[in-house]
Amino acid sequence: MSVFSGVRRVPARRVRPTLRDPRFAFLLIGQSVNAVGCWASAIVLWGFAAYRFNASPEAISVTVVCWSVPPAVLSPLTGALADRFGPRALMIAGYLGAAGAALAMAAAGSLAFLDVMAVAYGVARSLSGPAGTALPPRVVPPDDLLAANSLLNVASSIGQIAGPLAASVLLATVGFGAAFAADAATYLAGVVVLLPLPLLPPPVESVESVESVESAGARGSDGPAVAETRAARLRAAAAGAVAVARDPGLRAIALARIAVMFTSGAFLVVEPLYARHVLGRPPSQFALFEAAIGIGAIVTGLALPRVGRRLPATGATTKALAAGAIGYGLAAALFTGTTWIPAAYAGAFVWGASGMVFYTVAATALQRLAPAGTLGRVAGVISTAESATETASMPMAGVIVAIAGIRPGALVVAAVAVAAGAACLTGLNRAP
C-alpha cells in the first residue's frame, strides 16, 4: 500500500450546494453553459449534415446514430474509468475531447468525415456521463447531496430550454462554423470550472481496491499473476452490474429509472400527436408545452434544496424514489388527459416538476446506495439500460397509439412509470 494512502486532504471549508457559495455557483454557471452547448450541438450537427452536404433522411439518421450510440454503449466502461481515475479527471477529458471534435466537425469536408467526428464527439460525451453522476459525492457531504443534485439538474434543464434557442440564433447570425466553435467554447468553460473545484477524499474502499489490482499486476508479468490481474480487472469492470443485481435498493433505482425513461421517450411520440389531433393546435403548441415542462422543472429544482435535509435515511430516499416514479406517470396522464388547453399547460408544468423531483431523488439514492468505489460503474450500467429503453420506447409508443388511440395510448405508456413505482414500493417493503 502506498505510504500516502492514509493521507486525506479535505478542503479547508466544505463546498455548500447554494448560490451563496461562489465555488458551487461557479460550478452551476459552467454546467449550465455546457448544457446549452451540448443541446445546441445536436441541432447544429444535424443541420450541418442536411444543409452543407444535402444529406438524405437516411444519411442524417446515420449521423444521429454516430452521435448518440457511443455514450449508450461505452457508459459502463467509462464509468469504470471514472471510478479508477476520479470523476473530475474523466469529465475534463470528455470536455476537452468534445471541444476538439466540435472544432473538427466545423472543418468537415465530407459527410463521412462528419460522421467520424460525430463518433468521436459521442465517445467524448461518454467520458463525462457516468462521471457527472459520480462527481457530487466528491464535492459535497452526504447530507447535501439532494440539494446539489437538484441545482445541477436545474443547470441541465436550462440547457434543454436554451440550447435549441441558442442553436437557432447562432445559425441565423454567424453560420455553422462559428456555431461549432461556440459549442467548443462551452466545453472549455466546463473545464475552467472544474479545475479549481475542491474535492472530498475518495472512499477508502475505492483506494484499496485500485491498489489491490495494481499490486496483483506487480507480482509478475506472466503465468498466474497475469491471469489473476485480468480476473481482477474483469471483476472490477462488472462490479456495477453485480451491485445492481445484488442490492434491492439499486434494483429499485434501475427499475424506476428505466420505466420513467420509457414513459419519457414514448411521450416524444405522443406529445405532438396530442397537440395536433386532440387539441387541434399548430406545431408551435408542442414547443410551448415543452417550455412549460422546462419551467416546471426549473422552478421545482430551485425549491428542492429547501427540503434537501428531510430525506436523511437511505430507506426514506428509495421510497421517495418509488413515489416519484408514480407521480411522474400520474403527471404524464394528467398532461394528456384533457382537451382544455389551460389544463394541459398545468399538466405539462406538473409533469416537469415531477420529473425534476424524480431524477433528483434518483441521483441521490444512487449516490448513497452504490458500494464505495463503484458509483461510476453502477451509473454507467443504468445509463446504458436507459438509452436502450428510450430507443425502444418510441416505436413501441407508435404501435400502442396506432392500436389504442392517442389519449388511451398516452395512459398506457404513463402507466408504465406508475406500475414500476408501485413495484419498487412493494419490493422495498418486503426487503429485509
# chains A, B, ... in the order shown; residues from 1 in each chain; ligands from 1

$ residues_around --residues "Val123 of chain A" --least-positions-apart "4" --cutoff "8 Å" --atoms "only C-alpha atoms" --output "ChimeraX atom specification"
/A:70-71,74,94,119,127

$ residues_around --residues "Val357 of chain A" --least-positions-apart "4" --cutoff "9 Å" --atoms "only C-alpha atoms" --output "PDB file with C-alpha atoms, in the first residue's frame"
ATOM      1  CA  SER A 150     -31.362  19.436  -7.609  1.00  0.00           C
ATOM      2  CA  ALA A 297     -38.615  21.538 -13.745  1.00  0.00           C
ATOM      3  CA  THR A 300     -39.102  22.868  -8.672  1.00  0.00           C
ATOM      4  CA  GLY A 301     -35.354  22.332  -8.831  1.00  0.00           C
ATOM      5  CA  LEU A 304     -35.937  21.368  -3.711  1.00  0.00           C
ATOM      6  CA  LEU A 321     -37.837   7.454  -5.482  1.00  0.00           C
ATOM      7  CA  GLY A 324     -41.535   9.900  -7.605  1.00  0.00           C
ATOM      8  CA  TYR A 328     -44.231  11.077 -12.854  1.00  0.00           C
ATOM      9  CA  GLY A 352     -41.876  18.890 -15.485  1.00  0.00           C
ATOM     10  CA  ALA A 353     -41.933  19.396 -11.716  1.00  0.00           C
ATOM     11  CA  VAL A 361     -34.136  11.766  -5.788  1.00  0.00           C
ATOM     12  CA  ALA A 362     -32.933   9.001  -8.141  1.00  0.00           C
TER      13      ALA A 362
END

$ atom_distance --atom1 "atom CA of Arg88 of chain A" --atom2 "atom CA of Ala131 of chain A"
7.1 Å

$ residues_around --residues "Ala40 of chain A" --least-positions-apart "4" --cutoff "9 Å" --atoms "only C-alpha atoms" --output "list in words"
Ala35, Val36, Val44, Leu45, Gly159, Gln160, Ala162, Gly163, Pro164, Leu165, Ala166, Ala167, Ser168, Ala179 and Asp183 of chain A

$ residues_around --residues "segment 288-294 of chain A" --least-positions-apart "4" --cutoff "7 Å" --atoms "only C-alpha atoms" --output "PyMOL selection string"
chain A and resi 157+161+284+298+345+348-349+351-352

$ write_last_selection --atoms "N, CA, C and O atoms" --output "compact mmCIF listing (two decimals), in the first residue's frame"
# COMPACT_ATOMS: atom_id res chain seq x y z
N SER A 157 -31.64 21.41 -17.14
CA SER A 157 -32.92 21.86 -17.69
C SER A 157 -32.77 23.18 -18.42
O SER A 157 -33.42 23.41 -19.45
N ILE A 161 -33.74 23.93 -22.47
CA ILE A 161 -34.60 25.01 -22.97
C ILE A 161 -33.81 25.98 -23.85
O ILE A 161 -34.23 26.33 -24.95
N SER A 284 -46.35 24.80 -33.22
CA SER A 284 -45.75 25.61 -32.16
C SER A 284 -46.27 25.22 -30.78
O SER A 284 -45.61 25.47 -29.77
N ILE A 298 -37.46 23.68 -13.67
CA ILE A 298 -36.53 24.67 -13.10
C ILE A 298 -37.07 25.23 -11.79
O ILE A 298 -36.33 25.33 -10.79
N TYR A 345 -51.61 22.91 -20.09
CA TYR A 345 -50.43 23.64 -19.64
C TYR A 345 -50.11 23.33 -18.18
O TYR A 345 -48.95 23.13 -17.80
N ALA A 348 -48.58 19.97 -18.04
CA ALA A 348 -47.20 19.98 -18.51
C ALA A 348 -46.27 20.53 -17.43
O ALA A 348 -45.17 20.01 -17.20
N PHE A 349 -46.71 21.60 -16.75
CA PHE A 349 -45.91 22.17 -15.67
C PHE A 349 -45.69 21.16 -14.55
O PHE A 349 -44.57 20.98 -14.06
N TRP A 351 -45.90 17.95 -14.78
CA TRP A 351 -45.07 16.86 -15.28
C TRP A 351 -43.59 17.22 -15.21
O TRP A 351 -42.75 16.41 -14.80
N GLY A 352 -43.26 18.45 -15.61
CA GLY A 352 -41.88 18.89 -15.48
C GLY A 352 -41.41 18.91 -14.04
O GLY A 352 -40.28 18.49 -13.73

$ atom_distance --atom1 "atom CA of Leu90 of chain A" --atom2 "atom CA of Met117 of chain A"
19.4 Å

$ residues_around --residues "Leu279 of chain A" --least-positions-apart "3" --cutoff "6 Å" --atoms "only C-alpha atoms" --output "list in words"
Ala275, Arg276 and Thr339 of chain A

$ write_last_selection --atoms "all heavy atoms" --output "JSON list (two decimals), in the first residue's frame"
[["chain", "number", "residue", "atom", "x", "y", "z"],
["A", 275, "ALA", "N", -51.03, 17.30, -29.39],
["A", 275, "ALA", "CA", -51.22, 18.71, -29.70],
["A", 275, "ALA", "C", -51.95, 18.89, -31.03],
["A", 275, "ALA", "O", -52.81, 19.78, -31.17],
["A", 275, "ALA", "CB", -49.87, 19.43, -29.74],
["A", 276, "ARG", "N", -51.65, 18.06, -32.01],
["A", 276, "ARG", "CA", -52.24, 18.22, -33.35],
["A", 276, "ARG", "C", -53.66, 17.65, -33.43],
["A", 276, "ARG", "O", -54.58, 18.34, -33.88],
["A", 276, "ARG", "CB", -51.33, 17.52, -34.38],
["A", 276, "ARG", "CG", -51.94, 17.39, -35.78],
["A", 276, "ARG", "CD", -52.15, 18.75, -36.43],
["A", 276, "ARG", "NE", -52.75, 18.61, -37.74],
["A", 276, "ARG", "CZ", -54.05, 18.57, -37.97],
["A", 276, "ARG", "NH1", -54.91, 18.66, -36.94],
["A", 276, "ARG", "NH2", -54.52, 18.46, -39.19],
["A", 339, "THR", "N", -58.82, 17.99, -22.83],
["A", 339, "THR", "CA", -58.92, 18.70, -24.11],
["A", 339, "THR", "C", -58.94, 20.22, -23.91],
["A", 339, "THR", "O", -59.08, 20.96, -24.88],
["A", 339, "THR", "CB", -60.21, 18.28, -24.85],
["A", 339, "THR", "OG1", -61.34, 18.56, -24.02],
["A", 339, "THR", "CG2", -60.18, 16.80, -25.19]]

$ closest_residue --among "A:Val154, A:Ala189, A:Val381, A:Ala147" --to "Ala241 of chain A" --atoms "only C-alpha atoms"
A:Val381

$ residues_around --residues "Ala243 of chain A" --least-positions-apart "5" --cutoff "10 Å" --atoms "only C-alpha atoms" --output "PyMOL selection string"
chain A and resi 238+248-251+369-371+374-375+377-378

$ closest_residue --among "A:Ala320, A:Leu199, A:Leu146, A:Val65" --to "Thr391 of chain A" --atoms "only C-alpha atoms"
A:Val65

$ closest_residue --among "A:Phe176, A:Trp46, A:Phe262, A:Phe85" --to "Ala118 of chain A" --atoms "only C-alpha atoms"
A:Trp46

$ closest_residue --among "A:Val139, A:Phe53, A:Met91, A:Val192" --to "Phe113 of chain A" --atoms "only C-alpha atoms"
A:Phe53
